[in-house]
file entry.csv (CSV, C-alpha atoms)
chain,number,residue,atom,x,y,z
P,24,MET,CA,0.0,0.0,0.0
P,25,GLY,CA,1.2,3.5,-0.8
P,26,GLU,CA,1.8,6.0,2.0
P,27,THR,CA,0.2,9.4,2.0
P,28,SER,CA,1.9,12.4,3.5
P,29,GLN,CA,0.6,15.8,4.5
P,30,ALA,CA,2.5,18.7,3.1
P,31,ALA,CA,3.7,21.2,5.7
P,32,GLU,CA,2.2,24.6,5.0
P,33,THR,CA,3.3,27.8,6.7
P,34,VAL,CA,2.0,31.3,6.3
P,35,GLU,CA,4.1,34.3,7.0
P,36,HIS,CA,3.0,37.9,7.2
P,37,ASP,CA,5.7,40.5,6.4
P,38,ALA,CA,3.9,43.7,7.5
P,39,ALA,CA,6.9,45.8,6.5
P,40,LYS,CA,6.6,44.6,2.9
P,41,ALA,CA,2.7,44.4,3.1
P,42,ARG,CA,2.9,40.8,1.9
P,43,PHE,CA,1.6,37.4,3.0
P,44,ARG,CA,3.4,34.3,1.8
P,45,LEU,CA,2.3,30.6,1.9
P,46,SER,CA,5.0,28.0,1.7
P,47,VAL,CA,4.6,24.3,1.1
P,48,ASP,CA,7.4,22.1,2.5
P,49,GLY,CA,9.6,25.2,2.5
P,50,VAL,CA,8.9,26.2,-1.1
P,51,GLU,CA,7.1,29.6,-1.7
P,52,ALA,CA,3.8,28.6,-3.3
P,53,VAL,CA,1.7,31.8,-3.2
P,54,VAL,CA,2.2,35.4,-2.3
P,55,LEU,CA,-0.4,38.1,-1.7
P,56,ASP,CA,0.4,41.8,-1.7
P,57,TYR,CA,-1.7,44.5,-0.2
P,58,ARG,CA,-1.7,48.2,0.5
P,59,PRO,CA,-2.5,49.2,4.1
P,60,ARG,CA,-5.4,51.7,4.2
P,61,PRO,CA,-7.1,53.3,7.2
P,62,GLY,CA,-9.2,50.4,8.5
P,63,ALA,CA,-8.5,48.1,5.5
P,64,TRP,CA,-6.1,46.1,3.5
P,65,ASP,CA,-6.3,46.8,-0.2
P,66,ILE,CA,-5.4,43.5,-1.8
P,67,VAL,CA,-3.6,44.4,-5.0
P,68,HIS,CA,-1.9,41.2,-6.2
P,69,THR,CA,-2.1,37.4,-5.7
P,70,TYR,CA,0.4,35.1,-7.4
P,71,ALA,CA,0.7,31.3,-7.3
P,72,ASP,CA,3.7,29.5,-8.5
P,73,PRO,CA,2.6,27.5,-11.6
P,74,ALA,CA,3.5,24.2,-9.7
P,75,PHE,CA,0.8,25.1,-7.1
P,76,ARG,CA,-2.0,26.3,-9.3
P,77,GLY,CA,-5.1,24.3,-9.0
P,78,THR,CA,-4.1,22.9,-5.6
P,79,GLY,CA,-6.2,25.3,-3.5
P,80,ALA,CA,-3.1,26.9,-2.1
P,81,SER,CA,-4.2,30.4,-3.2
P,82,SER,CA,-7.6,29.9,-1.6
P,83,ARG,CA,-6.1,28.8,1.7
P,84,LEU,CA,-3.8,31.9,1.7
P,85,VAL,CA,-6.7,34.2,1.0
P,86,GLN,CA,-8.8,32.5,3.7
P,87,HIS,CA,-5.9,33.1,6.2
P,88,VAL,CA,-5.7,36.8,5.1
P,89,PHE,CA,-9.4,37.3,5.6
P,90,ASP,CA,-9.2,35.6,9.0
P,91,GLU,CA,-6.4,37.9,10.1
P,92,ALA,CA,-8.3,40.9,8.8
P,93,ARG,CA,-11.4,39.9,10.7
P,94,ALA,CA,-9.4,39.5,13.9
P,95,ALA,CA,-7.9,42.9,13.4
P,96,GLY,CA,-11.2,44.6,12.7
P,97,LEU,CA,-10.2,45.4,9.1
P,98,GLN,CA,-12.1,45.4,5.8
P,99,ILE,CA,-10.7,44.1,2.5
P,100,ILE,CA,-10.6,46.2,-0.6
P,101,PRO,CA,-10.6,43.7,-3.5
P,102,SER,CA,-8.3,45.4,-6.1
P,103,CYS,CA,-6.8,42.0,-7.2
P,104,PRO,CA,-9.2,40.3,-9.6
P,105,TYR,CA,-8.9,36.9,-7.8
P,106,ILE,CA,-10.5,38.3,-4.6
P,107,PRO,CA,-14.0,38.9,-5.9
P,108,VAL,CA,-14.0,35.4,-7.4
P,109,TRP,CA,-12.8,33.9,-4.1
P,110,VAL,CA,-15.5,35.9,-2.2
P,111,ASP,CA,-18.2,34.6,-4.6
P,112,ARG,CA,-17.1,31.0,-3.6
P,113,HIS,CA,-16.9,31.9,0.1
P,114,PRO,CA,-19.9,34.1,0.7
P,115,ALA,CA,-19.4,34.0,4.5
P,116,ALA,CA,-16.5,36.3,4.0
P,117,ALA,CA,-18.4,38.9,2.0
P,118,ASP,CA,-19.1,41.0,5.1
P,119,LEU,CA,-15.4,42.0,5.1
P,120,VAL,CA,-15.4,43.4,1.6
P,121,GLY,CA,-15.3,47.2,1.7
P,122,PRO,CA,-15.5,49.8,-1.0
P,123,GLY,CA,-14.0,48.8,-4.4
P,124,ARG,CA,-16.1,45.6,-5.0
call {"tool": "encode", "arguments": {"input": "entry.csv", "output": "structure tokens"}}
result
Amino acid sequence: MGETSQAAETVEHDAAKARFRLSVDGVEAVVLDYRPRPGAWDIVHTYADPAFRGTGASSRLVQHVFDEARAAGLQIIPSCPYIPVWVDRHPAAADLVGPGR
């Protein structure tokens, strides 16, 4: 029988660079850049390494960012085109979307 292994995922928030990074087994898989605004994060760019596209890694990173925004009392401005698509698939997060949608 074949063994299955769970990939180790880590998320880093580099506030000085206004960037979140998701790594899988130490390899950078997805990055999300934002611009800090008063009471909000304006998400301007999400990039997934081609090797990780279609794996759900981008969705997991966006979920993490939304969770952090909620905990900090921030709204999300969806300037990156992926964010409205993600919110449509995760309607429970729609309450965090501020102006710009």
call {"tool": "residues_around", "arguments": {"input": "entry.csv", "residues": "Pro73 of chain P", "least_positions_apart": "5", "cutoff": "12 Å", "atoms": "all atoms listed in the file", "output": "ChimeraX atom specification"}}
result
/P:51-53,78,80-81
call {"tool": "residues_around", "arguments": {"input": "entry.csv", "residues": "Pro101 of chain P", "least_positions_apart": "6", "cutoff": "12 Å", "atoms": "all atoms listed in the file", "output": "PyMOL selection string"}}
result
chain P and resi 55-58+63-69+85+89+107-111+117+119-124
call {"tool": "atom_distance", "arguments": {"input": "entry.csv", "atom1": "atom CA of Glu35 of chain P", "atom2": "atom CA of Ala94 of chain P"}}
result
16.0 Å
call {"tool": "residues_around", "arguments": {"input": "entry.csv", "residues": "Asp48 of chain P", "least_positions_apart": "2", "cutoff": "10 Å", "atoms": "all atoms listed in the file", "output": "list in words"}}
result
Gln29, Ala30, Ala31, Glu32, Thr33, Leu45, Ser46, Val50, Glu51 and Ala52 of chain P
call {"tool": "write_last_selection", "arguments": {"input": "entry.csv", "atoms": "C-alpha atoms", "output": "mmCIF file, in the coordinates of the input"}}
result
data_model
loop_
_atom_site.group_PDB
_atom_site.id
_atom_site.type_symbol
_atom_site.label_atom_id
_atom_site.label_comp_id
_atom_site.auth_asym_id
_atom_site.auth_seq_id
_atom_site.Cartn_x
_atom_site.Cartn_y
_atom_site.Cartn_z
ATOM 1 C CA GLN P 29 0.600 15.800 4.500
ATOM 2 C CA ALA P 30 2.500 18.700 3.100
ATOM 3 C CA ALA P 31 3.700 21.200 5.700
ATOM 4 C CA GLU P 32 2.200 24.600 5.000
ATOM 5 C CA THR P 33 3.300 27.800 6.700
ATOM 6 C CA LEU P 45 2.300 30.600 1.900
ATOM 7 C CA SER P 46 5.000 28.000 1.700
ATOM 8 C CA VAL P 50 8.900 26.200 -1.100
ATOM 9 C CA GLU P 51 7.100 29.600 -1.700
ATOM 10 C CA ALA P 52 3.800 28.600 -3.300
#
call {"tool": "atom_distance", "arguments": {"input": "entry.csv", "atom1": "atom CA of Ala92 of chain P", "atom2": "atom CA of Ala71 of chain P"}}
result
20.8 Å
call {"tool": "closest_residue", "arguments": {"input": "entry.csv", "among": "P:Val47, P:Val54, P:Ala74, P:Ala39", "to": "Val88 of chain P", "atoms": "only C-alpha atoms"}}
result
P:Val54
call {"tool": "closest_residue", "arguments": {"input": "entry.csv", "among": "P:Gly62, P:Glu91, P:Ser82, P:Phe75", "to": "His36 of chain P", "atoms": "all atoms listed in the file"}}
result
P:Glu91
call {"tool": "atom_distance", "arguments": {"input": "entry.csv", "atom1": "atom CA of Asp118 of chain P", "atom2": "atom CA of Gln86 of chain P"}}
result
13.4 Å
call {"tool": "axis_aligned_box", "arguments": {"input": "entry.csv", "around": "segment 49-52 of chain P", "padding_each_side": "4 Å", "output": "AutoDock Vina command-line options"}}
result
--center_x 6.7 --center_y 27.4 --center_z -0.4 --size_x 13.8 --size_y 12.4 --size_z 13.8
call {"tool": "decode", "arguments": {"input": "entry.csv", "residues": "chain P", "atoms": "C-alpha atoms", "output": "compact mmCIF listing (two decimals), in the first residue's frame"}}
result
# COMPACT_ATOMS: atom_id res chain seq x y z
CA MET P 24 0.00 0.00 0.00
CA GLY P 25 1.21 3.51 -0.78
CA GLU P 26 1.81 6.00 1.95
CA THR P 27 0.20 9.41 1.96
CA SER P 28 1.91 12.38 3.49
CA GLN P 29 0.57 15.76 4.47
CA ALA P 30 2.51 18.70 3.05
CA ALA P 31 3.67 21.17 5.69
CA GLU P 32 2.20 24.60 4.99
CA THR P 33 3.31 27.80 6.67
CA VAL P 34 1.98 31.32 6.30
CA GLU P 35 4.14 34.34 6.97
CA HIS P 36 2.96 37.94 7.23
CA ASP P 37 5.65 40.47 6.43
CA ALA P 38 3.89 43.68 7.47
CA ALA P 39 6.92 45.81 6.54
CA LYS P 40 6.56 44.63 2.93
CA ALA P 41 2.73 44.39 3.09
CA ARG P 42 2.90 40.79 1.93
CA PHE P 43 1.59 37.39 2.98
CA ARG P 44 3.41 34.27 1.83
CA LEU P 45 2.29 30.64 1.89
CA SER P 46 5.04 28.04 1.67
CA VAL P 47 4.57 24.32 1.14
CA ASP P 48 7.37 22.13 2.46
CA GLY P 49 9.60 25.22 2.53
CA VAL P 50 8.85 26.22 -1.07
CA GLU P 51 7.14 29.55 -1.71
CA ALA P 52 3.80 28.63 -3.30
CA VAL P 53 1.65 31.77 -3.16
CA VAL P 54 2.20 35.44 -2.35
CA LEU P 55 -0.41 38.09 -1.69
CA ASP P 56 0.45 41.79 -1.68
CA TYR P 57 -1.70 44.51 -0.16
CA ARG P 58 -1.66 48.21 0.54
CA PRO P 59 -2.49 49.20 4.10
CA ARG P 60 -5.35 51.70 4.19
CA PRO P 61 -7.11 53.25 7.17
CA GLY P 62 -9.24 50.39 8.53
CA ALA P 63 -8.55 48.14 5.55
CA TRP P 64 -6.13 46.07 3.52
CA ASP P 65 -6.32 46.78 -0.21
CA ILE P 66 -5.35 43.46 -1.79
CA VAL P 67 -3.60 44.36 -5.03
CA HIS P 68 -1.93 41.15 -6.19
CA THR P 69 -2.07 37.41 -5.65
CA TYR P 70 0.43 35.14 -7.39
CA ALA P 71 0.65 31.35 -7.30
CA ASP P 72 3.72 29.52 -8.54
CA PRO P 73 2.58 27.46 -11.55
CA ALA P 74 3.45 24.24 -9.71
CA PHE P 75 0.82 25.09 -7.07
CA ARG P 76 -2.00 26.34 -9.29
CA GLY P 77 -5.13 24.27 -8.99
CA THR P 78 -4.12 22.87 -5.59
CA GLY P 79 -6.19 25.25 -3.47
CA ALA P 80 -3.08 26.93 -2.07
CA SER P 81 -4.20 30.40 -3.19
CA SER P 82 -7.61 29.90 -1.63
CA ARG P 83 -6.06 28.79 1.66
CA LEU P 84 -3.82 31.87 1.75
CA VAL P 85 -6.72 34.22 1.00
CA GLN P 86 -8.77 32.54 3.74
CA HIS P 87 -5.89 33.12 6.16
CA VAL P 88 -5.67 36.80 5.15
CA PHE P 89 -9.42 37.26 5.60
CA ASP P 90 -9.22 35.58 9.01
CA GLU P 91 -6.43 37.93 10.08
CA ALA P 92 -8.32 40.94 8.76
CA ARG P 93 -11.42 39.91 10.69
CA ALA P 94 -9.40 39.45 13.89
CA ALA P 95 -7.86 42.90 13.42
CA GLY P 96 -11.20 44.57 12.66
CA LEU P 97 -10.16 45.44 9.10
CA GLN P 98 -12.05 45.39 5.84
CA ILE P 99 -10.75 44.06 2.53
CA ILE P 100 -10.61 46.17 -0.62
CA PRO P 101 -10.55 43.68 -3.52
CA SER P 102 -8.32 45.37 -6.13
CA CYS P 103 -6.82 42.02 -7.18
CA PRO P 104 -9.22 40.29 -9.62
CA TYR P 105 -8.91 36.95 -7.79
CA ILE P 106 -10.47 38.31 -4.59
CA PRO P 107 -14.04 38.90 -5.90
CA VAL P 108 -13.97 35.41 -7.45
CA TRP P 109 -12.82 33.94 -4.12
CA VAL P 110 -15.50 35.86 -2.19
CA ASP P 111 -18.19 34.58 -4.58
CA ARG P 112 -17.07 31.05 -3.65
CA HIS P 113 -16.89 31.91 0.08
CA PRO P 114 -19.94 34.10 0.74
CA ALA P 115 -19.43 33.99 4.52
CA ALA P 116 -16.46 36.32 3.96
CA ALA P 117 -18.44 38.90 1.97
CA ASP P 118 -19.08 41.04 5.05
CA LEU P 119 -15.38 41.97 5.13
CA VAL P 120 -15.38 43.39 1.61
CA GLY P 121 -15.33 47.16 1.69
CA PRO P 122 -15.46 49.78 -1.05
CA GLY P 123 -14.02 48.77 -4.38
CA ARG P 124 -16.09 45.65 -4.99
